[in-house]
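A short worksheet on the structure shown next.
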Amino acid sequence: MKIVNVVGARPNFMKVAPLLEEMARHPGIEPLLVHTGQHYDARMSDLFFRDLGIREPDHYLGVGSGTHAQQTGQIMQALEPLFDELRPDLVLVVGDVNSTLAAALVAAKASIPLAHVEAGLRSFDRTMPEEVNRIVTDALAELLFTTEADAAENLRKEGVAAERIHFVGNVMVDTLLKQRPRAEGLDMPARLGLEPRGYAVLTLHRPSNVDEPEVLRGIVGALATLQRTIPIVFPAHPRTVQRLAALGLSEAAAASANLRIMEPLGYLEFLGLMAGARVVLTDSGGLQEETTALGIPCLTLRENTERPITVTQGTNRVIGVSPERIVRETRRVLEADAGPADLPRPPLWDGRAAERTVQAILTWADAGAVDTVNVAV
Ligand code: UD1
């Protein structure tokens, strides 16, 4: 069975790593890797391949940045002839980035079965580009692999047949559990001159936060206040750096000596940093899950989350973007008991999600799906 795995952006890489590794254990599977080039800076891509031991992609499309339509369209144009040439039995996509959506559309139109890993998450906020990507990808997928119970419920409400939905757990947590010892071995707090549990980590890149001048100004104001109480380490996404500069906020941020803006970190460095933090402030989806797996308090600077289990069974609080609330909630965490929470991890966040995913794919293939498709083609 030839499986073409398509990735493009930073949050895809830690999800595909354990899947590729697991596929390689099965002689009946020929896994291929396609990188669209949505993320292309060394710090957004190569570093992750190196840290996670992911092999060189078999095909690199070099698509790069653009508007949503440009980026999605270019990936589709590059994938169509490639899928034609490769004739995969299955296309596998992860997450909710534009590369995920583009690959899903091309696979569906070429009548190639599609597997979606991390299916069914919903923020119920269609102003989020990822929400649109998630809905469309799930509507087109033949195999939907979920990370938490709510996801199956969301999919059933959208009319997805129950037999297509497989609750397998969280492949990102597979990677986290495997890499944690190496990451902590880097001693990131000491390397940055910080006390373990004596600093906050911040990430920020979502358009609703960084492309809205008033919102970004407000967040920077809250950070300026908070950094008087606790050092804040901020590995900044390139788009956030651009937005801070465009709004003339770089200087305001630089004047806050304890707000340490730095270039994006690799997977291991960032995991090591996060594992030693007192609190994480973020608008990322993945970090909400990673902090829950680590037991580190997380404050999500958004109005909603598509990952409710991180709130109900994890360490996450969704607090919005009001500067007063950011300051108040962070102080509340700092005043509470220090140290990581010793919570049980959510069901199936156990390091074996990739194994279950590949097993489900093999069962699906054994049931004749692959032959049927080949005959239909
Ligand atoms: C994308 C995903 C988002 C994910 C995020 C993680 C979509 C719609 N969004 O957002 O879900 O959380 O990745 O990082 O797919 N840029 C660089 N170097 C790079 C890549 C991007 O400088 O290697 C800059 C460019 O100015 C680009 C901007 O960042 O225009 C945005 O990149 P893009 O891939 O469109 O979206 P992200 O914000 O990275």
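Note on naming: chains are A, B, ... as they come in the structure tokens, residues start from 1 per chain, ligands start from 1 in the order shown.
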Checklist entry - Neighbours of ligand 1 within 8 Å, counting only C-alpha atoms and all ligand atoms, as a VMD selection string? => result chain A and resid 9 to 11 37 to 45 64 to 68 71 96 to 100 129 to 130 133 205 to 207 237 to 240 242 284 to 286
Next on the checklist: Would you pick out the contacts of A:Ala162 at 10 Å or less, using only C-alpha atoms, so that residues sharing its chain but fewer than 6 positions from it are not included, and give the list as an MDAnalysis selection string?
Outcome noted: chainID A and resid 144 152:153 155:156
Resulting file, chosen residues, N, CA and C atoms, as an mmCIF file, in the first residue's frame:
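Output below, filename again.cif:
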data_model
loop_
_atom_site.group_PDB
_atom_site.id
_atom_site.type_symbol
_atom_site.label_atom_id
_atom_site.label_comp_id
_atom_site.auth_asym_id
_atom_site.auth_seq_id
_atom_site.Cartn_x
_atom_site.Cartn_y
_atom_site.Cartn_z
ATOM 1 N N LEU A 144 -11.022 9.000 9.522
ATOM 2 C CA LEU A 144 -10.870 10.174 10.381
ATOM 3 C C LEU A 144 -10.343 9.729 11.736
ATOM 4 N N ALA A 152 -15.344 13.094 17.900
ATOM 5 C CA ALA A 152 -16.251 12.136 17.259
ATOM 6 C C ALA A 152 -17.675 12.684 17.288
ATOM 7 N N GLU A 153 -18.017 13.335 18.390
ATOM 8 C CA GLU A 153 -19.349 13.912 18.537
ATOM 9 C C GLU A 153 -19.560 14.998 17.470
ATOM 10 N N LEU A 155 -18.102 15.252 14.611
ATOM 11 C CA LEU A 155 -18.160 14.633 13.280
ATOM 12 C C LEU A 155 -19.518 13.978 13.048
ATOM 13 N N ARG A 156 -20.033 13.306 14.074
ATOM 14 C CA ARG A 156 -21.340 12.649 13.915
ATOM 15 C C ARG A 156 -22.410 13.691 13.622
#
Checklist entry - Which residues, written as JSON, numbers by chain, have at least one atom at most 8 Å from A:Trp349, with only C-alpha atoms counted and residues fewer than 5 positions away on the same chain left out? => result {"A": [147, 169, 170, 171, 173, 174, 293]}
Checklist entry - Mind checking DSSP for stretch 288-375 of chain A and telling me the strand (DSSP E or B) residues as a list in words? => result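 Everything in stretch 288-375 of chain A that counts as strand (DSSP E or B) is Cys298, Leu299, Thr300, Asn316, Arg317 and Val318 of chain A.
Take the candidates A:Lys178, A:Pro235, A:Leu247, A:Gly339 and check each one against A:Glu212 using only C-alpha atoms; the shortest distance goes to A:Leu247.
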Item to check | Nearest to A:Ala149, chosen from A:Gly266, A:Gly28, A:Gly272, A:Pro347, with only C-alpha atoms counted in the distances | outcome: A:Pro347
Next on the checklist: Taking 3 positions as the minimum chain separation for residues in the same chain, which residues sit within 6 Å of stretch 323-338 of chain A when counting only C-alpha atoms? Answer as number ranges by chain.
Outcome noted: A: 218-219, 222
Checklist entry - Running DSSP on the backbone, which parts of stretch 90-299 of chain A land in helix (DSSP H, G or I), as a VMD selection string? => result chain A and resid 98 to 109 129 to 140 149 to 157 162 to 164 171 to 185 188 to 191 207 to 210 213 to 226 238 to 246 250 to 255 267 to 275 285 to 294
Write a file of the selected residues as a compact mmCIF listing (two decimals), in the first residue's frame, keeping C-alpha atoms.
# COMPACT_ATOMS: atom_id res chain seq x y z
CA ASN A 98 -3.52 25.28 4.31
CA SER A 99 -1.33 22.40 3.10
CA THR A 100 -3.76 19.97 4.80
CA LEU A 101 -6.75 21.48 3.00
CA ALA A 102 -5.01 21.65 -0.40
CA ALA A 103 -3.91 18.02 -0.27
CA ALA A 104 -7.39 16.92 0.84
CA LEU A 105 -9.06 18.69 -2.10
CA VAL A 106 -6.66 17.25 -4.67
CA ALA A 107 -6.90 13.71 -3.27
CA ALA A 108 -10.70 13.84 -3.22
CA LYS A 109 -10.96 15.05 -6.82
CA PRO A 129 -8.81 29.95 8.73
CA GLU A 130 -7.99 26.63 10.39
CA GLU A 131 -11.67 26.00 11.19
CA VAL A 132 -12.53 26.18 7.49
CA ASN A 133 -9.61 23.85 6.72
CA ARG A 134 -10.78 21.38 9.35
CA ILE A 135 -14.42 21.28 8.20
CA VAL A 136 -13.58 20.77 4.53
CA THR A 137 -10.84 18.20 5.17
CA ASP A 138 -13.10 16.15 7.43
CA ALA A 139 -15.95 16.26 4.91
CA LEU A 140 -13.65 14.70 2.30
CA ALA A 149 -14.01 12.25 22.52
CA ASP A 150 -15.63 15.58 21.56
CA ALA A 151 -14.19 15.24 18.07
CA ALA A 152 -16.25 12.14 17.26
CA GLU A 153 -19.35 13.91 18.54
CA ASN A 154 -18.67 16.91 16.27
CA LEU A 155 -18.16 14.63 13.28
CA ARG A 156 -21.34 12.65 13.92
CA LYS A 157 -23.31 15.91 14.06
CA ALA A 162 -19.39 6.29 12.74
CA GLU A 163 -17.35 3.54 11.05
CA ARG A 164 -15.07 6.14 9.47
CA VAL A 171 0.32 11.55 17.76
CA MET A 172 1.82 14.86 18.91
CA VAL A 173 1.97 13.40 22.41
CA ASP A 174 3.74 10.31 21.00
CA THR A 175 6.51 12.67 19.89
CA LEU A 176 6.50 14.67 23.12
CA LEU A 177 6.86 11.59 25.34
CA LYS A 178 9.62 10.18 23.15
CA GLN A 179 11.62 13.40 22.94
CA ARG A 180 11.11 14.77 26.45
CA PRO A 181 14.27 13.27 27.98
CA ARG A 182 16.46 14.68 25.18
CA ALA A 183 14.70 18.05 25.43
CA GLU A 184 15.13 18.31 29.19
CA GLY A 185 18.74 17.20 28.82
CA MET A 188 17.27 25.22 28.50
CA PRO A 189 16.44 27.29 31.61
CA ALA A 190 20.12 27.27 32.70
CA ARG A 191 21.29 28.05 29.16
CA PRO A 207 -4.04 36.43 12.65
CA SER A 208 -6.84 37.41 15.06
CA ASN A 209 -4.17 38.52 17.54
CA VAL A 210 -1.21 39.74 15.52
CA PRO A 213 -3.41 46.42 15.74
CA GLU A 214 -5.54 47.10 18.82
CA VAL A 215 -5.36 43.51 20.01
CA LEU A 216 -1.59 43.28 19.50
CA ARG A 217 -1.06 46.63 21.24
CA GLY A 218 -3.13 45.46 24.19
CA ILE A 219 -1.22 42.19 24.51
CA VAL A 220 2.15 43.96 24.37
CA GLY A 221 0.90 46.31 27.11
CA ALA A 222 -0.07 43.36 29.32
CA LEU A 223 3.34 41.76 28.73
CA ALA A 224 5.10 45.00 29.65
CA THR A 225 3.31 44.87 33.01
CA LEU A 226 3.84 41.16 33.62
CA PRO A 238 8.27 35.53 11.66
CA ARG A 239 4.81 36.98 10.95
CA THR A 240 4.58 38.30 14.52
CA VAL A 241 7.99 39.95 14.23
CA GLN A 242 6.81 41.60 11.00
CA ARG A 243 3.58 42.81 12.62
CA LEU A 244 5.35 44.21 15.69
CA ALA A 245 7.70 46.15 13.43
CA ALA A 246 4.90 47.36 11.14
CA SER A 250 9.17 46.49 18.38
CA GLU A 251 10.70 49.31 20.41
CA ALA A 252 8.01 49.18 23.08
CA ALA A 253 8.63 45.45 23.37
CA ALA A 254 12.41 45.88 23.42
CA ALA A 255 12.11 48.43 26.24
CA TYR A 267 11.43 21.29 18.63
CA LEU A 268 13.78 20.05 21.35
CA GLU A 269 14.83 23.48 22.59
CA PHE A 270 11.25 24.64 22.76
CA LEU A 271 10.02 21.51 24.51
CA GLY A 272 12.86 21.83 27.02
CA LEU A 273 11.94 25.47 27.62
CA MET A 274 8.24 24.71 28.02
CA ALA A 275 8.82 21.75 30.36
CA GLY A 285 -3.55 24.98 19.28
CA GLY A 286 -0.71 22.51 19.71
CA LEU A 287 0.73 24.18 22.81
CA GLN A 288 -2.58 23.81 24.62
CA GLU A 289 -2.19 20.05 24.20
CA GLU A 290 1.53 19.91 24.92
CA THR A 291 1.17 21.85 28.19
CA THR A 292 -1.64 19.51 29.23
CA ALA A 293 0.60 16.51 28.52
CA LEU A 294 3.38 18.16 30.57
Next on the checklist: To one decimal place in Å, what is the distance between atom CA of A:Val279 and atom CA of A:Glu306?
Outcome noted: 20.5 Å
Checklist entry - Skipping near chain neighbours, those fewer than 4 positions away, what residues fall within 7 Å of A:Asp283 using only C-alpha atoms, listed as a VMD selection string? => result chain A and resid 203 to 206 300 to 302
Next on the checklist: I need the residue nearest A:Ile54 from this list: A:Ala78, A:Met14, A:Ala69, A:Leu281. Use only C-alpha atoms for the distance.
Outcome noted: A:Met14
